[in-house]
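K.L.:
Take a look at the following structure, please.
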Amino acid sequence: MDKVPEHVAIIMDGNGRWAKARGMPRTYGHTEGAKRVADVTRAAGELGIKYVTVYAFSTENWSRAEEEVGALMKLFRGYLKTCTRDADENNMRIRIIGDRTRLDKDIQEAMSKVEAHTASYNRVTLTLAINYGGRDELTRAVKRLAGDVRNGALSEEDITSETISSYLDAPDIPDPDLMIRTCGEQRISNFLLWQLAYTELYFTDVAWPDFGAEELRRAVEAYGNRDRRFGGVKQ
Ligand code: FPP
């Protein structure tokens with residue numbers, strides 16, 4: 001393929017609708033959707049994509065039914081337990097962004113363990129956005145930045161957009177080149193608000209549980225046919 005994005009961010013939408021269309025509970029859609037994370041990350045590695053970031057649980061998702069939130073947490077627990085094998089086999093680094101403090105202690109511990117275990121892997125980096133919101137990330141960043149101004153570590157005059165980027169959850173990961181949202185909706189939904197400033201957006205009607213290697217290839221191909229512009233400058 002001609003032009004491959006370095007970083008692909010994905011809003012994995014449509015699990016609930018996909019399950020409902022099959023007469024199944026919403027949680028079945030999440031279970032099937034969770035399986036696609038490994039498939040798509042593997043396919044991304046094969047295409048030469050270096051970073052994949054998936055929106056697994058938003059700061060707004062707590063308002064869903066308790067049963068659904070519980071099922072998603074159970075899926076995260078299961079994924080964090082089993083993903084190291086996949087990571088070992090695929091030289092895959094796993095990172096997590098979002099506010100972990102609201103998650104159960106055992107999930108927070110599993111997250112730290114997986115990040116440490118995969119820290120030296122570098123073929124592809126999978127970042128899971130869990131209890132993540134773009135506004136929440138910026139709010140947390142601004143609080144830390146304000147603290148550093150107050151204690152003298154940072155002076156107000158030296159603040160640039162790079163300074164702000166450096167306070168975000170994963171400052172070393174480049175901004176996404178391509179953002180994919182599945183299942184028809186065309187919204188950002190509080191995902192990576194700062195980082196998506198110049199990202200190409202790709203929307204597909206395919207629901208996340210049906211999204212696989214072939215769908216990813218199609219999105220990357222569409223990206224390859226676009227002229228990217230950064231503030232009016234063609235790349
Ligand atoms: C949106 O679909 C999807 C979510 C809110 C959760 C995404 C989670 C997964 C794909 C599984 C867990 C991931 C990992 C990393 C193990 P929706 O339920 O809002 O769909 P709907 O719009 O059709 O209701």
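Labeling convention for the structure tokens: chains A, B, ... as they appear, residues from 1 per chain, ligands from 1 in order of appearance.
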Write as a PyMOL selection string the residues around ligand 1, taking 8 Å as the cut-off and counting only C-alpha atoms and all ligand atoms.
P.N.:
chain A and resi 11-19+26-27+29-37+54-58+61+72+75-80+128+183+207-209
K.L.:
Write the residues of the preceding selection, restricted to C-alpha atoms, as a PDB file, in the first residue's frame.
P.N.:
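Final file, result.pdb:
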```
ATOM      1  CA  ILE A  11     -14.257   4.675  17.820  1.00  0.00           C
ATOM      2  CA  MET A  12     -15.591   1.126  18.071  1.00  0.00           C
ATOM      3  CA  ASP A  13     -19.282   1.902  17.714  1.00  0.00           C
ATOM      4  CA  GLY A  14     -22.336  -0.263  17.109  1.00  0.00           C
ATOM      5  CA  ASN A  15     -21.852  -3.227  19.427  1.00  0.00           C
ATOM      6  CA  GLY A  16     -25.303  -2.772  20.929  1.00  0.00           C
ATOM      7  CA  ARG A  17     -27.120  -2.352  17.587  1.00  0.00           C
ATOM      8  CA  TRP A  18     -25.230  -5.315  16.122  1.00  0.00           C
ATOM      9  CA  ALA A  19     -26.328  -7.551  19.015  1.00  0.00           C
ATOM     10  CA  ARG A  26     -26.042  -5.648  24.122  1.00  0.00           C
ATOM     11  CA  THR A  27     -23.300  -7.277  26.178  1.00  0.00           C
ATOM     12  CA  GLY A  29     -22.031  -7.228  21.066  1.00  0.00           C
ATOM     13  CA  HIS A  30     -19.301  -6.022  23.444  1.00  0.00           C
ATOM     14  CA  THR A  31     -17.930  -9.550  23.829  1.00  0.00           C
ATOM     15  CA  GLU A  32     -17.699  -9.960  20.055  1.00  0.00           C
ATOM     16  CA  GLY A  33     -16.359  -6.416  19.738  1.00  0.00           C
ATOM     17  CA  ALA A  34     -13.579  -7.150  22.223  1.00  0.00           C
ATOM     18  CA  LYS A  35     -12.376  -9.994  19.961  1.00  0.00           C
ATOM     19  CA  ARG A  36     -12.006  -7.553  17.059  1.00  0.00           C
ATOM     20  CA  VAL A  37      -9.487  -5.467  19.021  1.00  0.00           C
ATOM     21  CA  VAL A  54      -9.209   2.320  20.612  1.00  0.00           C
ATOM     22  CA  TYR A  55     -12.010   4.013  22.550  1.00  0.00           C
ATOM     23  CA  ALA A  56     -13.034   1.206  24.907  1.00  0.00           C
ATOM     24  CA  PHE A  57     -14.893   3.135  27.628  1.00  0.00           C
ATOM     25  CA  SER A  58     -15.701   6.833  27.769  1.00  0.00           C
ATOM     26  CA  ASN A  61     -20.246   5.402  29.617  1.00  0.00           C
ATOM     27  CA  LEU A  72     -17.554  -4.074  30.087  1.00  0.00           C
ATOM     28  CA  LEU A  75     -14.257  -7.759  29.530  1.00  0.00           C
ATOM     29  CA  PHE A  76     -11.403  -5.391  30.404  1.00  0.00           C
ATOM     30  CA  ARG A  77     -10.339  -7.693  33.246  1.00  0.00           C
ATOM     31  CA  GLY A  78     -10.381 -10.678  30.881  1.00  0.00           C
ATOM     32  CA  TYR A  79      -8.565  -8.824  28.133  1.00  0.00           C
ATOM     33  CA  LEU A  80      -5.838  -7.547  30.475  1.00  0.00           C
ATOM     34  CA  LEU A 128      -6.718   1.415  25.207  1.00  0.00           C
ATOM     35  CA  CYS A 183     -21.586   1.992  12.487  1.00  0.00           C
ATOM     36  CA  ALA A 207     -20.662  -2.191  12.978  1.00  0.00           C
ATOM     37  CA  TRP A 208     -17.574  -2.803  15.125  1.00  0.00           C
ATOM     38  CA  PRO A 209     -18.165  -6.570  15.657  1.00  0.00           C
TER      39      PRO A 209
END
```
K.L.:
Show which residues sit within 12 Å of Ile164 in chain A, as an MDAnalysis selection string. Count only C-alpha atoms, and ignore same-chain residues fewer than 6 positions away.
P.N.:
chainID A and resid 137:146 154 156 158 170:171 194:195
K.L.:
Out of range 1-232 of chain A, which residues get helix (DSSP H, G or I) from DSSP, as a VMD selection string?
P.N.:
chain A and resid 15 to 20 26 to 47 61 to 63 66 to 90 100 to 102 105 to 117 134 to 150 156 to 158 161 to 166 208 to 210 213 to 224
K.L.:
I'd like to know which of A:Arg22, A:Arg64, A:Arg123, A:Arg150 is closest to Leu47 in chain A, using only C-alpha atoms.
P.N.:
A:Arg123
K.L.:
Once DSSP has gone over the backbone, tell me which residues of range 122-213 of chain A are in strand (DSSP E or B), as a PyMOL selection string.
P.N.:
chain A and resi 124-132+178-181+200-203
K.L.:
Write the residues of the preceding selection, restricted to N, CA and C atoms, as a compact mmCIF listing (two decimals), in the first residue's frame.
P.N.:
```txt
# COMPACT_ATOMS: atom_id res chain seq x y z
N VAL A 124 4.06 -2.75 17.14
CA VAL A 124 2.84 -1.96 17.11
C VAL A 124 2.45 -1.63 18.56
N THR A 125 1.96 -0.43 18.78
CA THR A 125 1.51 -0.04 20.12
C THR A 125 -0.01 0.09 20.12
N LEU A 126 -0.65 -0.69 21.00
CA LEU A 126 -2.11 -0.60 21.14
C LEU A 126 -2.40 0.22 22.39
N THR A 127 -3.10 1.33 22.21
CA THR A 127 -3.49 2.15 23.36
C THR A 127 -4.98 2.00 23.61
N LEU A 128 -5.31 1.58 24.83
CA LEU A 128 -6.72 1.42 25.21
C LEU A 128 -7.16 2.67 25.95
N ALA A 129 -8.20 3.33 25.44
CA ALA A 129 -8.75 4.50 26.13
C ALA A 129 -9.87 4.00 27.03
N ILE A 130 -9.63 4.00 28.33
CA ILE A 130 -10.59 3.46 29.30
C ILE A 130 -10.86 4.51 30.38
N ASN A 131 -12.13 4.76 30.63
CA ASN A 131 -12.57 5.93 31.41
C ASN A 131 -11.85 7.17 30.85
N TYR A 132 -11.95 7.28 29.55
CA TYR A 132 -11.29 8.37 28.82
C TYR A 132 -12.33 9.35 28.28
N LEU A 178 -5.23 9.00 11.07
CA LEU A 178 -6.54 8.55 10.60
C LEU A 178 -7.40 8.17 11.79
N MET A 179 -8.66 8.64 11.78
CA MET A 179 -9.61 8.25 12.82
C MET A 179 -10.78 7.55 12.15
N ILE A 180 -11.05 6.34 12.60
CA ILE A 180 -12.14 5.55 12.03
C ILE A 180 -13.29 5.49 13.04
N ARG A 181 -14.51 5.73 12.58
CA ARG A 181 -15.66 5.47 13.45
C ARG A 181 -16.59 4.51 12.72
N GLU A 200 -7.31 12.83 9.50
CA GLU A 200 -8.30 12.48 8.48
C GLU A 200 -9.38 11.61 9.14
N LEU A 201 -10.64 11.89 8.82
CA LEU A 201 -11.74 11.14 9.44
C LEU A 201 -12.34 10.17 8.43
N TYR A 202 -12.63 8.97 8.89
CA TYR A 202 -13.20 7.94 8.02
C TYR A 202 -14.39 7.29 8.74
N PHE A 203 -15.54 7.33 8.10
CA PHE A 203 -16.74 6.76 8.71
C PHE A 203 -17.25 5.60 7.85
```
K.L.:
For a test of reading the model, state the distance in Å between CA of Pro176 in chain A and CA of Leu193 in chain A, rounded to one decimal.
P.N.:
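Between CA of Pro176 in chain A and CA of Leu193 in chain A the gap is 11.0 Å.
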K.L.:
Pick from A:Glu221, A:Glu60, A:Asp177, A:Glu214: nearest to Val8 in chain A, with only C-alpha atoms counted?
P.N.:
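Distance minimum relative to Val8 in chain A lands on A:Asp177.
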K.L.:
Write out as an NGL selection string which residues come within 9 Å of Met111 in chain A when counting only C-alpha atoms, dropping same-chain ones fewer than 5 positions away.
P.N.:
:A and (80 or 94-96 or 100 or 106 or 116)
K.L.:
May I have the residues from that selection written out with N, CA, C and O atoms, as a PDB file, in the first residue's frame?
P.N.:
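Below is the file that was written, result_37.pdb:
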```pdb
ATOM      1  N   LEU A  80      -7.134  -7.871  29.858  1.00  0.00           N
ATOM      2  CA  LEU A  80      -5.838  -7.547  30.475  1.00  0.00           C
ATOM      3  C   LEU A  80      -5.123  -8.810  30.946  1.00  0.00           C
ATOM      4  O   LEU A  80      -3.900  -8.853  31.010  1.00  0.00           O
ATOM      5  N   ILE A  94       1.374  -2.419  24.955  1.00  0.00           N
ATOM      6  CA  ILE A  94       0.025  -1.991  25.360  1.00  0.00           C
ATOM      7  C   ILE A  94       0.133  -0.800  26.311  1.00  0.00           C
ATOM      8  O   ILE A  94       0.915  -0.828  27.270  1.00  0.00           O
ATOM      9  N   ARG A  95      -0.616   0.236  26.002  1.00  0.00           N
ATOM     10  CA  ARG A  95      -0.658   1.429  26.840  1.00  0.00           C
ATOM     11  C   ARG A  95      -2.117   1.698  27.198  1.00  0.00           C
ATOM     12  O   ARG A  95      -3.022   1.243  26.494  1.00  0.00           O
ATOM     13  N   ILE A  96      -2.331   2.463  28.226  1.00  0.00           N
ATOM     14  CA  ILE A  96      -3.706   2.819  28.608  1.00  0.00           C
ATOM     15  C   ILE A  96      -3.767   4.324  28.862  1.00  0.00           C
ATOM     16  O   ILE A  96      -2.884   4.883  29.510  1.00  0.00           O
ATOM     17  N   ARG A 100      -7.607   6.472  35.496  1.00  0.00           N
ATOM     18  CA  ARG A 100      -7.719   5.125  36.085  1.00  0.00           C
ATOM     19  C   ARG A 100      -8.268   5.141  37.500  1.00  0.00           C
ATOM     20  O   ARG A 100      -8.682   4.109  38.012  1.00  0.00           O
ATOM     21  N   ASP A 106      -8.111  -3.765  41.278  1.00  0.00           N
ATOM     22  CA  ASP A 106      -7.509  -4.901  40.563  1.00  0.00           C
ATOM     23  C   ASP A 106      -7.324  -4.584  39.078  1.00  0.00           C
ATOM     24  O   ASP A 106      -6.351  -5.025  38.459  1.00  0.00           O
ATOM     25  N   ALA A 116       3.927  -2.655  31.991  1.00  0.00           N
ATOM     26  CA  ALA A 116       5.326  -2.956  32.323  1.00  0.00           C
ATOM     27  C   ALA A 116       5.808  -4.160  31.514  1.00  0.00           C
ATOM     28  O   ALA A 116       6.905  -4.148  30.949  1.00  0.00           O
TER      29      ALA A 116
END
```
K.L.:
Which of these residues is nearest to Asp175 in chain A, using only C-alpha atoms: A:Tyr198, A:Ser161, A:Val206, A:Gly134?
P.N.:
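The closest residue to Asp175 in chain A is A:Tyr198.
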K.L.:
Counting only C-alpha atoms, figure out which residue out of A:Glu89, A:Ser166, A:Ala9, A:Ala71 gets nearest to Val220 in chain A.
P.N.:
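Ranked by minimum distance to Val220 in chain A, first place goes to A:Ala9.
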K.L.:
Which neighbours of range 2-7 of chain A fall inside 6 Å, counting only C-alpha atoms, when residues of the same chain fewer than 6 positions from it are skipped, and could you give them as a ChimeraX atom specification?
P.N.:
/A:49-52,176-177,224
K.L.:
Give me, as a list in words, all polymer residues having an atom no more than 12 Å from Ala213 in chain A, counting only C-alpha atoms and skipping those fewer than 2 positions away in the same chain.
P.N.:
Arg36, Val37, Ala38, Asp39, Val40, Thr41, Arg42, Ala43, Ala44, Gly45, Glu46, Leu47, Trp208, Pro209, Asp210, Phe211, Glu215, Leu216, Arg217, Arg218, Ala219 and Val220 of chain A
K.L.:
Those residues you just picked out, can you put them in a file as an mmCIF file, in the first residue's frame with N, CA and C atoms?
P.N.:
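New file out06.cif:
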```
data_model
loop_
_atom_site.group_PDB
_atom_site.id
_atom_site.type_symbol
_atom_site.label_atom_id
_atom_site.label_comp_id
_atom_site.auth_asym_id
_atom_site.auth_seq_id
_atom_site.Cartn_x
_atom_site.Cartn_y
_atom_site.Cartn_z
ATOM 1 N N ARG A 36 -12.501 -8.281 18.248
ATOM 2 C CA ARG A 36 -12.006 -7.553 17.059
ATOM 3 C C ARG A 36 -10.784 -6.695 17.377
ATOM 4 N N VAL A 37 -10.627 -6.319 18.646
ATOM 5 C CA VAL A 37 -9.487 -5.467 19.021
ATOM 6 C C VAL A 37 -8.183 -6.191 18.661
ATOM 7 N N ALA A 38 -8.086 -7.463 19.042
ATOM 8 C CA ALA A 38 -6.873 -8.236 18.746
ATOM 9 C C ALA A 38 -6.718 -8.425 17.237
ATOM 10 N N ASP A 39 -7.829 -8.756 16.550
ATOM 11 C CA ASP A 39 -7.761 -8.992 15.090
ATOM 12 C C ASP A 39 -7.260 -7.747 14.371
ATOM 13 N N VAL A 40 -7.857 -6.619 14.718
ATOM 14 C CA VAL A 40 -7.553 -5.376 13.993
ATOM 15 C C VAL A 40 -6.133 -4.901 14.321
ATOM 16 N N THR A 41 -5.715 -5.091 15.550
ATOM 17 C CA THR A 41 -4.349 -4.664 15.904
ATOM 18 C C THR A 41 -3.322 -5.528 15.168
ATOM 19 N N ARG A 42 -3.601 -6.811 15.063
ATOM 20 C CA ARG A 42 -2.696 -7.703 14.324
ATOM 21 C C ARG A 42 -2.630 -7.264 12.862
ATOM 22 N N ALA A 43 -3.793 -7.010 12.269
ATOM 23 C CA ALA A 43 -3.844 -6.569 10.864
ATOM 24 C C ALA A 43 -3.122 -5.238 10.695
ATOM 25 N N ALA A 44 -3.231 -4.364 11.690
ATOM 26 C CA ALA A 44 -2.555 -3.056 11.627
ATOM 27 C C ALA A 44 -1.048 -3.261 11.584
ATOM 28 N N GLY A 45 -0.557 -4.158 12.424
ATOM 29 C CA GLY A 45 0.877 -4.462 12.442
ATOM 30 C C GLY A 45 1.337 -4.950 11.080
ATOM 31 N N GLU A 46 0.534 -5.806 10.456
ATOM 32 C CA GLU A 46 0.890 -6.346 9.129
ATOM 33 C C GLU A 46 0.917 -5.251 8.068
ATOM 34 N N LEU A 47 0.070 -4.245 8.224
ATOM 35 C CA LEU A 47 0.041 -3.144 7.233
ATOM 36 C C LEU A 47 1.167 -2.129 7.476
ATOM 37 N N TRP A 208 -18.893 -2.370 14.656
ATOM 38 C CA TRP A 208 -17.574 -2.803 15.125
ATOM 39 C C TRP A 208 -17.406 -4.341 15.167
ATOM 40 N N PRO A 209 -18.395 -5.116 15.625
ATOM 41 C CA PRO A 209 -18.165 -6.570 15.657
ATOM 42 C C PRO A 209 -17.946 -7.181 14.262
ATOM 43 N N ASP A 210 -18.300 -6.451 13.206
ATOM 44 C CA ASP A 210 -18.079 -6.946 11.835
ATOM 45 C C ASP A 210 -16.837 -6.326 11.195
ATOM 46 N N PHE A 211 -16.139 -5.490 11.934
ATOM 47 C CA PHE A 211 -14.982 -4.777 11.375
ATOM 48 C C PHE A 211 -13.747 -5.684 11.524
ATOM 49 N N GLU A 215 -11.777 -4.555 6.348
ATOM 50 C CA GLU A 215 -12.341 -3.215 6.561
ATOM 51 C C GLU A 215 -11.231 -2.221 6.890
ATOM 52 N N LEU A 216 -10.266 -2.662 7.655
ATOM 53 C CA LEU A 216 -9.152 -1.772 8.003
ATOM 54 C C LEU A 216 -8.371 -1.419 6.735
ATOM 55 N N ARG A 217 -8.138 -2.421 5.899
ATOM 56 C CA ARG A 217 -7.396 -2.186 4.648
ATOM 57 C C ARG A 217 -8.135 -1.165 3.788
ATOM 58 N N ARG A 218 -9.455 -1.262 3.761
ATOM 59 C CA ARG A 218 -10.275 -0.329 2.972
ATOM 60 C C ARG A 218 -10.114 1.116 3.497
ATOM 61 N N ALA A 219 -10.130 1.253 4.808
ATOM 62 C CA ALA A 219 -9.986 2.587 5.421
ATOM 63 C C ALA A 219 -8.600 3.165 5.128
ATOM 64 N N VAL A 220 -7.586 2.307 5.201
ATOM 65 C CA VAL A 220 -6.208 2.764 4.972
ATOM 66 C C VAL A 220 -6.034 3.149 3.495
#
```
K.L.:
Can you tell me how far CA of Phe230 in chain A sits from CA of Ser189 in chain A, in Å to one decimal?
P.N.:
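Those two atoms sit 22.3 Å apart.
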